[in-house]
>>> print(open('work-v8.txt').read())   # compact mmCIF, C-alpha atoms
# COMPACT_ATOMS: atom_id res chain seq x y z
CA MET A 188 -0.30 68.63 32.56
CA CYS A 189 2.62 70.20 34.41
CA PRO A 190 1.97 71.13 38.05
CA ALA A 191 1.03 74.75 38.62
CA GLY A 192 3.99 77.07 38.50
CA THR A 193 6.35 74.78 36.58
CA LYS A 194 5.65 76.33 33.16
CA GLY A 195 6.90 73.37 31.16
CA THR A 196 9.70 72.23 33.47
CA VAL A 197 10.02 69.32 35.86
CA PRO A 198 9.86 70.55 39.47
CA ALA A 199 13.11 70.91 41.38
CA SER A 200 13.88 68.76 44.39
CA PRO A 201 12.00 69.94 47.50
CA ARG A 202 15.40 70.37 49.13
CA GLY A 203 16.52 72.69 46.37
CA GLY A 204 19.55 70.61 45.50
CA CYS A 205 18.61 69.96 41.87
CA GLN A 206 17.67 72.43 39.18
CA PRO A 207 14.66 71.81 36.91
CA LEU A 208 15.37 70.21 33.56
CA PRO A 209 13.71 71.57 30.43
CA VAL A 210 10.89 69.30 29.30
CA GLN A 211 12.62 68.68 25.95
CA THR A 212 15.83 67.50 27.65
CA LEU A 213 14.04 65.14 30.02
CA ALA A 214 11.83 63.82 27.23
CA HIS A 215 14.91 63.11 25.13
CA LEU A 216 16.56 61.21 27.98
CA VAL A 217 13.43 59.20 28.78
CA GLY A 218 12.82 58.51 25.09
CA ARG A 219 16.21 56.81 24.82
CA LEU A 220 15.31 54.25 27.48
CA PRO A 221 14.19 50.74 26.41
CA ALA A 222 10.40 50.50 26.10
CA PRO A 223 9.90 48.18 29.12
CA LEU A 224 11.93 50.52 31.32
CA ARG A 225 9.99 53.55 30.06
CA LYS A 226 6.73 51.82 30.96
CA SER A 227 8.03 50.81 34.39
CA LEU A 228 9.15 54.38 35.02
CA ARG A 229 5.82 55.77 33.91
CA ARG A 230 3.99 53.30 36.15
CA ALA A 231 6.18 54.22 39.12
CA ILE A 232 5.57 57.96 38.83
CA GLY A 233 1.86 57.63 38.10
CA GLY A 234 1.71 58.69 34.47
CA GLN A 235 -0.16 55.73 33.02
CA GLY A 236 -3.43 56.06 31.16
CA HIS A 237 -4.99 59.25 29.83
CA VAL A 238 -5.89 61.19 32.97
CA GLN A 239 -4.10 64.56 33.20
CA HIS A 240 -0.52 64.16 34.41
CA TRP A 241 2.63 66.23 33.93
CA THR A 242 4.35 63.31 32.14
CA HIS A 243 2.00 63.76 29.17
CA THR A 244 4.10 66.75 28.15
CA LEU A 245 7.14 64.46 27.86
CA TRP A 246 5.34 61.93 25.70
CA ALA A 247 3.86 64.67 23.51
CA TRP A 248 7.32 66.08 22.77
CA HIS A 249 8.79 62.63 22.15
CA ARG A 250 6.05 61.54 19.74
CA ALA A 251 5.90 64.89 17.91
CA ARG A 252 9.48 64.28 16.81
CA GLY A 253 8.95 60.56 16.30
CA ASP A 254 6.08 58.37 15.10
CA LYS A 255 3.49 61.17 15.17
CA ARG A 256 5.49 63.59 13.00
CA ILE A 257 3.13 64.51 10.18
CA ASP A 258 5.24 63.22 7.30
CA ARG A 259 5.68 59.89 9.11
CA ILE A 260 2.01 59.13 9.69
CA ALA A 261 0.81 60.61 6.38
CA PRO A 262 1.69 57.60 4.14
CA GLY A 263 -0.43 55.15 6.11
CA LEU A 264 -3.36 57.52 6.44
CA ALA A 265 -3.23 58.49 2.76
CA ALA A 266 -3.37 54.82 1.76
CA LEU A 267 -6.27 54.29 4.17
CA ILE A 268 -8.17 57.26 2.72
CA ARG A 269 -7.57 56.02 -0.84
CA ASP A 270 -8.66 52.46 -0.11
CA ALA A 271 -11.60 53.14 2.22
CA CYS A 272 -13.24 56.26 0.79
CA GLY A 273 -11.19 57.49 -2.15
CA SER A 274 -10.91 61.09 -0.96
CA VAL A 275 -11.79 63.37 1.95
CA GLU A 276 -11.84 66.53 -0.16
CA GLY A 277 -14.75 68.72 0.94
CA HIS A 278 -15.75 66.23 3.64
CA SER A 279 -16.33 66.56 7.38
CA CYS A 280 -14.10 64.32 9.53
CA LEU A 281 -14.00 63.31 13.18
CA GLU A 282 -10.78 62.18 14.88
CA PHE A 283 -12.09 60.21 17.86
CA GLY A 284 -9.48 60.23 20.61
CA SER A 285 -6.99 62.72 19.19
CA GLY A 286 -4.61 62.67 22.17
CA HIS A 287 -1.65 64.99 22.76
CA LEU A 288 -1.19 65.95 19.11
CA LEU A 289 -3.44 66.77 16.17
CA SER A 290 -1.39 64.72 13.72
CA GLU A 291 -4.17 62.60 12.21
CA ALA A 292 -6.59 65.53 12.13
CA LEU A 293 -3.99 67.67 10.37
CA VAL A 294 -3.41 64.97 7.74
CA PHE A 295 -7.14 64.83 6.95
CA TRP A 296 -7.24 68.62 6.68
CA LEU A 297 -4.13 68.73 4.48
CA ALA A 298 -5.79 66.13 2.24
CA GLY A 299 -8.66 68.54 1.60
CA ALA A 300 -11.25 67.97 4.34
CA ALA A 301 -13.56 70.95 4.74
CA ARG A 302 -13.83 70.48 8.49
CA VAL A 303 -12.01 68.28 11.00
CA VAL A 304 -13.11 67.90 14.61
CA ALA A 305 -10.73 66.21 17.04
CA VAL A 306 -12.19 65.08 20.36
CA ASP A 307 -10.95 63.58 23.63
CA TYR A 308 -12.57 62.40 26.83
CA HIS A 309 -9.73 64.08 28.75
CA PRO A 310 -8.25 67.41 27.53
CA LEU A 311 -4.88 66.06 26.39
CA LEU A 312 -3.85 68.39 23.56
CA ARG A 313 -0.41 70.00 23.78
CA LEU A 314 -0.77 72.56 20.99
CA HIS A 315 2.88 73.63 21.05
CA PHE A 316 3.96 70.08 20.27
CA ALA A 317 1.19 69.62 17.72
CA ARG A 318 2.78 72.50 15.84
CA LEU A 319 6.21 70.86 16.27
CA ALA A 320 4.90 67.64 14.66
CA PHE A 321 4.02 69.70 11.58
CA ALA A 322 6.94 72.15 11.60
CA SER A 323 9.57 69.40 11.78
CA ALA A 324 8.07 67.45 8.87
CA ASP A 325 9.88 67.22 5.55
CA ARG A 326 7.66 69.15 3.13
CA ASP A 327 8.60 67.19 0.01
CA ALA A 328 8.05 63.89 1.83
CA LEU A 329 4.68 65.11 3.09
CA LEU A 330 3.58 66.17 -0.37
CA GLY A 331 4.61 62.80 -1.80
CA ALA A 332 2.97 60.87 1.03
CA LEU A 333 -0.41 62.53 0.44
CA ALA A 334 -0.32 62.06 -3.35
CA PRO A 335 -2.55 58.92 -3.27
CA ALA A 336 -5.28 60.79 -1.37
CA ALA A 337 -5.30 64.39 -2.61
CA PRO A 338 -4.24 66.61 -5.53
CA ALA A 339 -0.80 68.17 -5.12
CA ALA A 340 -2.28 71.66 -5.51
CA THR A 341 -4.60 71.15 -2.55
CA VAL A 342 -1.85 69.82 -0.28
CA THR A 343 0.63 72.51 -1.33
CA GLU A 344 -1.86 75.30 -0.68
CA ARG A 345 -2.79 73.93 2.74
CA ILE A 346 0.82 73.38 3.80
CA ALA A 347 1.43 77.04 2.95
CA ARG A 348 -1.56 78.13 5.03
CA LEU A 349 -0.26 76.27 8.08
CA ASP A 350 3.25 77.61 7.51
CA GLN A 351 1.84 81.15 7.46
CA LEU A 352 -0.27 80.66 10.57
CA GLY A 353 2.41 81.84 12.96
CA ASN A 354 1.27 81.28 16.53
CA TRP A 355 -1.07 78.29 16.72
CA THR A 356 -4.13 78.94 18.83
CA PRO A 357 -7.44 77.03 18.99
CA GLU A 358 -9.16 80.06 17.45
CA ALA A 359 -6.70 80.32 14.55
CA LEU A 360 -7.00 76.61 13.77
CA SER A 361 -10.79 76.79 13.99
CA GLU A 362 -10.81 79.49 11.33
CA LEU A 363 -9.03 77.03 9.04
CA GLY A 364 -11.60 74.33 9.79
CA ILE A 365 -9.75 72.37 12.52
CA ASP A 366 -11.46 72.18 15.93
CA TYR A 367 -10.35 70.48 19.14
CA VAL A 368 -13.14 69.69 21.61
CA ALA A 369 -12.53 68.23 25.06
CA PRO A 370 -13.81 66.91 27.28
CA VAL A 371 -16.42 65.04 25.25
CA ASP A 372 -18.24 62.04 26.72
CA PHE A 373 -19.68 59.89 23.94
CA SER A 374 -21.45 57.67 26.44
CA GLN A 375 -23.84 60.64 26.71
CA GLU A 376 -22.97 62.93 23.77
CA THR A 377 -25.45 62.89 20.87
CA GLU A 378 -25.17 66.39 19.36
CA PHE A 379 -22.91 65.11 16.56
CA ALA A 380 -25.52 62.71 15.16
CA GLY A 381 -25.38 62.61 11.35
CA THR A 382 -22.50 65.11 11.16
CA PHE A 383 -19.44 63.39 9.67
CA ASP A 384 -18.50 61.67 6.42
CA LEU A 385 -15.46 60.01 8.00
CA ILE A 386 -14.63 58.98 11.56
CA HIS A 387 -11.17 57.72 12.44
CA SER A 388 -9.52 56.37 15.59
CA THR A 389 -6.17 54.77 16.32
CA SER A 390 -5.56 52.78 19.52
CA VAL A 391 -8.54 54.34 21.25
CA LEU A 392 -11.35 51.81 21.42
CA GLU A 393 -9.34 49.31 23.47
CA HIS A 394 -9.27 51.88 26.29
CA LEU A 395 -13.05 52.29 26.52
CA PRO A 396 -14.54 51.26 29.88
CA LEU A 397 -16.42 47.98 29.55
CA ALA A 398 -19.49 49.34 31.33
CA ASN A 399 -20.06 52.08 28.71
CA CYS A 400 -18.42 50.54 25.67
CA LYS A 401 -21.55 49.62 23.69
CA ALA A 402 -23.19 53.01 24.27
CA ILE A 403 -20.03 54.86 23.24
CA ILE A 404 -19.66 52.82 20.05
CA ALA A 405 -23.32 53.36 19.16
CA ASN A 406 -23.00 57.13 19.63
CA VAL A 407 -19.78 57.32 17.63
CA GLN A 408 -21.37 55.41 14.77
CA ALA A 409 -24.45 57.63 15.01
CA ALA A 410 -22.20 60.63 14.29
CA LEU A 411 -21.79 59.38 10.69
CA ARG A 412 -23.83 60.73 7.84
CA PRO A 413 -25.65 58.16 5.70
CA GLY A 414 -23.06 56.45 3.53
CA GLY A 415 -20.18 57.58 5.76
CA VAL A 416 -17.45 55.30 7.07
CA ALA A 417 -15.75 54.87 10.44
CA LEU A 418 -12.19 53.50 10.44
CA HIS A 419 -10.95 52.07 13.72
CA ALA A 420 -7.49 50.63 14.39
CA ILE A 421 -7.81 48.66 17.63
CA HIS A 422 -4.77 47.47 19.58
CA LEU A 423 -5.78 44.28 21.39
CA GLU A 424 -2.60 43.56 23.34
CA ASP A 425 -1.76 44.22 26.99
CA HIS A 426 -0.25 47.72 26.89
CA LEU A 427 1.81 47.03 30.00
CA ASP A 428 4.39 45.22 27.83
CA PHE A 429 2.94 44.43 24.41
CA ARG A 430 6.29 43.56 22.84
CA ARG A 431 7.39 40.82 25.25
CA ASN A 432 4.17 39.75 26.99
CA PRO A 433 1.21 40.97 24.92
CA PHE A 434 -1.39 38.61 26.39
CA ALA A 435 -0.50 38.77 30.08
CA PHE A 436 -3.86 40.26 31.02
CA LEU A 437 -5.66 37.16 29.67
CA ALA A 438 -4.14 34.94 32.38
CA ALA A 439 -6.19 33.36 35.15
CA ASP A 440 -3.90 34.93 37.76
CA THR A 441 -3.76 38.37 36.11
CA ASP A 442 -3.63 41.48 38.24
CA TRP A 443 -5.71 43.29 35.57
CA ARG A 444 -8.95 44.88 36.77
CA GLU A 445 -11.65 46.72 34.82
CA LYS A 446 -10.26 50.05 36.05
CA ASP A 447 -7.04 49.22 34.16
CA ALA A 448 -8.71 49.53 30.76
CA ASP A 449 -7.44 53.10 30.40
CA ALA A 450 -3.80 52.11 30.91
CA ARG A 451 -3.60 48.49 29.73
CA GLY A 452 -6.64 47.91 27.49
CA ASN A 453 -10.10 46.49 28.15
CA ARG A 454 -9.27 42.90 27.01
CA LEU A 455 -12.04 42.77 24.37
CA ARG A 456 -10.96 40.46 21.55
CA ALA A 457 -11.46 40.89 17.79
CA SER A 458 -14.62 38.75 17.83
CA ASP A 459 -16.10 40.95 20.58
CA TRP A 460 -15.56 44.10 18.51
CA LEU A 461 -17.10 42.50 15.43
CA ARG A 462 -20.12 41.46 17.48
CA ILE A 463 -20.56 44.97 18.92
CA PHE A 464 -20.35 46.74 15.56
CA ARG A 465 -22.51 44.19 13.73
CA SER A 466 -25.24 44.68 16.33
CA LEU A 467 -25.65 48.33 15.26
CA PRO A 468 -28.55 49.15 12.90
CA ALA A 469 -27.52 49.33 9.23
CA ALA A 470 -23.80 48.98 10.05
CA GLN A 471 -21.73 47.25 7.37
CA VAL A 472 -18.52 45.91 8.91
CA GLU A 473 -15.36 45.00 7.02
CA ILE A 474 -11.99 43.83 8.37
CA LEU A 475 -9.28 45.75 6.52
CA TRP A 476 -6.38 44.04 8.25
CA GLU A 477 -5.50 42.07 11.36
CA VAL A 478 -2.27 41.09 13.08
CA VAL A 479 -1.96 37.65 14.69
CA ARG A 480 0.87 37.20 17.20
CA GLU A 481 2.16 33.67 16.69
CA ASP A 482 5.49 34.69 18.24
CA ALA A 483 4.13 35.32 21.74
CA PRO A 484 2.96 32.71 24.27
CA LEU A 485 -0.59 32.60 25.53
CA PRO A 486 -0.79 32.36 29.31
CA ARG A 487 -1.87 29.05 30.81
CA PRO A 488 -4.34 28.73 32.34
CA LEU A 489 -6.47 31.45 30.78
CA ASP A 490 -8.94 33.58 32.69
CA SER A 491 -12.31 31.80 32.60
CA THR A 492 -13.74 34.79 30.69
CA PHE A 493 -11.93 33.50 27.59
CA ALA A 494 -12.73 29.81 27.90
CA GLY A 495 -14.83 29.70 24.72
CA TYR A 496 -12.58 31.81 22.49
CA ALA A 497 -10.66 30.39 19.53
CA GLU A 498 -6.89 30.53 19.89
CA CYS A 499 -6.53 32.65 16.74
CA ASP A 500 -8.97 35.17 18.24
CA LEU A 501 -6.97 35.31 21.47
CA ARG A 502 -3.73 35.77 19.53
CA THR A 503 -5.03 38.64 17.40
CA GLY A 504 -3.01 41.63 18.52
CA GLY A 505 -4.55 44.29 16.30
CA ILE A 506 -7.40 44.84 13.89
CA MET A 507 -8.55 47.59 11.51
CA LEU A 508 -12.28 47.84 10.93
CA ALA A 509 -14.21 49.83 8.35
CA VAL A 510 -17.78 50.35 9.57
CA ARG A 511 -20.10 51.98 7.06
CA SER A 512 -23.42 53.62 7.79
CA GLY A 513 -26.13 52.29 5.51
CA ALA A 514 -27.26 54.81 2.89
CA GLY A 515 -30.35 56.70 4.00
CA THR A 516 -30.06 55.62 7.64
CA VAL A 517 -28.48 57.42 10.58
CA PRO A 518 -28.11 55.10 13.62
CA GLU A 519 -30.00 56.24 16.70
CA PRO A 520 -27.83 57.65 19.52
CA GLN A 521 -27.82 55.35 22.53
CA PRO A 522 -28.18 56.25 26.22
CA VAL A 523 -26.17 54.54 28.93
CA ASN A 524 -28.04 51.56 30.31
>>> encode(input="work-v8.txt", output="structure tokens")
Amino acid sequence: MCPAGTKGTVPASPRGGCQPLPVQTLAHLVGRLPAPLRKSLRRAIGGQGHVQHWTHTLWAWHRARGDKRIDRIAPGLAALIRDACGSVEGHSCLEFGSGHLLSEALVFWLAGAARVVAVDYHPLLRLHFARLAFASADRDALLGALAPAAPAATVTERIARLDQLGNWTPEALSELGIDYVAPVDFSQETEFAGTFDLIHSTSVLEHLPLANCKAIIANVQAALRPGGVALHAIHLEDHLDFRRNPFAFLAADTDWREKDADARGNRLRASDWLRIFRSLPAAQVEILWEVVREDAPLPRPLDSTFAGYAECDLRTGGIMLAVRSGAGTVPEPQPVN
């Protein structure tokens, strides 16, 4: 969040020698930097992780015009809907860890969901840029992208409704069936038990604190209706520099600490996630895809925590899980131990 009084600009120098830059201009300049330099810059100015910080406005603008633009994420989500549940038409969906933009939630709604709830632990939504992610999308490309998951008539009608919305407000979106709720703490939250047909998350679970991870997962799964499915894409690499050194935080001499889970990831491996989900009552777990990084070196020696792990498990950089709730059974919400 921008500091008070800035109204979407970066503060001027305390000496008054430099004028504020518009957020869009600064975001464009930062977005052109190489990824490692962007991360170093973000680390230096304190904008890592998901706690409120003025830099989140920059990243929201950058991603709204980039990988989170609606027509760019729609193809992957439409294929996921088709393969995992066939359709979301008339269903209730939860986007767990929505972040700065509502892109995934909007795709589910455009595909015919009756209700979509997007939640965050920290209030991160930048609604202006959420609208930008939709407004800048190519309409024909969006319609084609959603064809595997929804009838063209449904998508066309819902695109028109968003186009006619004018000023996006939480109240206006809620009237359409799209709600943003934050902060929500699923280590305690149980009011959603048995509510949703579909739960989805992307690059969220790896940021969960280790101390509360099992309780949070149990409560998220408990939010499914009987027969519902949760789809979780989990990024297992060190977020500090996942392109060049994705397993740095597995090293014996790592500077990673548990408090770094929010910024760098919690270090849980694919086998750990499978064990956690398979321990839930009536949960049916399926691996939809996984990515193994053979191109990146594993640190030597490894932290003793990972002494018994298979090398393939350590090298798994990402995994997509489908976790179904057994028909006729809603998992019990779990308290924090």
>>> atom_distance(input="work-v8.txt", atom1="atom CA of Ala261 of chain A", atom2="atom CA of Glu291 of chain A")
7.9 Å
>>> atom_distance(input="work-v8.txt", atom1="atom CA of Glu473 of chain A", atom2="atom CA of Ala271 of chain A")
10.2 Å
>>> residues_around(input="work-v8.txt", residues="Leu392 of chain A", least_positions_apart="6", cutoff="10 Å", atoms="only C-alpha atoms", output="mmCIF file with C-alpha atoms, keeping the file's coordinate frame")
data_model
loop_
_atom_site.group_PDB
_atom_site.id
_atom_site.type_symbol
_atom_site.label_atom_id
_atom_site.label_comp_id
_atom_site.auth_asym_id
_atom_site.auth_seq_id
_atom_site.Cartn_x
_atom_site.Cartn_y
_atom_site.Cartn_z
ATOM 1 C CA PHE A 283 -12.090 60.210 17.860
ATOM 2 C CA GLY A 284 -9.480 60.230 20.610
ATOM 3 C CA CYS A 400 -18.420 50.540 25.670
ATOM 4 C CA ILE A 403 -20.030 54.860 23.240
ATOM 5 C CA ILE A 404 -19.660 52.820 20.050
ATOM 6 C CA HIS A 419 -10.950 52.070 13.720
ATOM 7 C CA ALA A 420 -7.490 50.630 14.390
ATOM 8 C CA ILE A 421 -7.810 48.660 17.630
ATOM 9 C CA HIS A 422 -4.770 47.470 19.580
ATOM 10 C CA LEU A 423 -5.780 44.280 21.390
ATOM 11 C CA ALA A 448 -8.710 49.530 30.760
ATOM 12 C CA ASP A 449 -7.440 53.100 30.400
ATOM 13 C CA GLY A 452 -6.640 47.910 27.490
ATOM 14 C CA ASN A 453 -10.100 46.490 28.150
ATOM 15 C CA LEU A 455 -12.040 42.770 24.370
ATOM 16 C CA TRP A 460 -15.560 44.100 18.510
#
>>> residues_around(input="work-v8.txt", residues="Gly277 of chain A", least_positions_apart="4", cutoff="12 Å", atoms="all atoms listed in the file", output="PyMOL selection string")
chain A and resi 295-303+337+341+364+383-385
>>> closest_residue(input="work-v8.txt", among="A:Leu314, A:Val407, A:Ala265, A:Leu349", to="Gly331 of chain A", atoms="only C-alpha atoms")
A:Ala265
>>> residues_around(input="work-v8.txt", residues="Leu267 of chain A", least_positions_apart="5", cutoff="10 Å", atoms="all atoms listed in the file", output="VMD selection string")
chain A and resid 261 to 262 272 to 274 335 to 336 418 475
>>> closest_residue(input="work-v8.txt", among="A:Ser466, A:Ser491, A:Ser361, A:Ser388", to="Gly286 of chain A", atoms="only C-alpha atoms")
A:Ser388
>>> closest_residue(input="work-v8.txt", among="A:Pro338, A:Gly253, A:Pro370, A:Gly353", to="Pro310 of chain A", atoms="only C-alpha atoms")
A:Pro370
>>> axis_aligned_box(input="work-v8.txt", around="segment 297-300 of chain A", padding_each_side="8 Å", output="lines of an AutoDock Vina configuration file")
center_x = -7.7
center_y = 67.4
center_z = 3.0
size_x = 23.1
size_y = 18.6
size_z = 18.9
>>> closest_residue(input="work-v8.txt", among="A:Pro413, A:Gly381, A:Gly513, A:Gly263", to="Ala334 of chain A", atoms="all atoms listed in the file")
A:Gly263
>>> closest_residue(input="work-v8.txt", among="A:Val371, A:Val294, A:Ala438, A:Ile474", to="Leu333 of chain A", atoms="all atoms listed in the file")
A:Val294
>>> residues_around(input="work-v8.txt", residues="Ala439 of chain A", least_positions_apart="5", cutoff="10 Å", atoms="only C-alpha atoms", output="PyMOL selection string")
chain A and resi 486-493
>>> closest_residue(input="work-v8.txt", among="A:Arg318, A:Tyr308, A:Trp355, A:Arg313", to="Gln375 of chain A", atoms="all atoms listed in the file")
A:Tyr308
>>> atom_distance(input="work-v8.txt", atom1="atom CA of Trp476 of chain A", atom2="atom CA of Ile260 of chain A")
17.3 Å
>>> residues_around(input="work-v8.txt", residues="Ala251 of chain A", least_positions_apart="6", cutoff="8 Å", atoms="only C-alpha atoms", output="JSON, numbers by chain")
{"A": [288, 316, 317, 319, 320]}
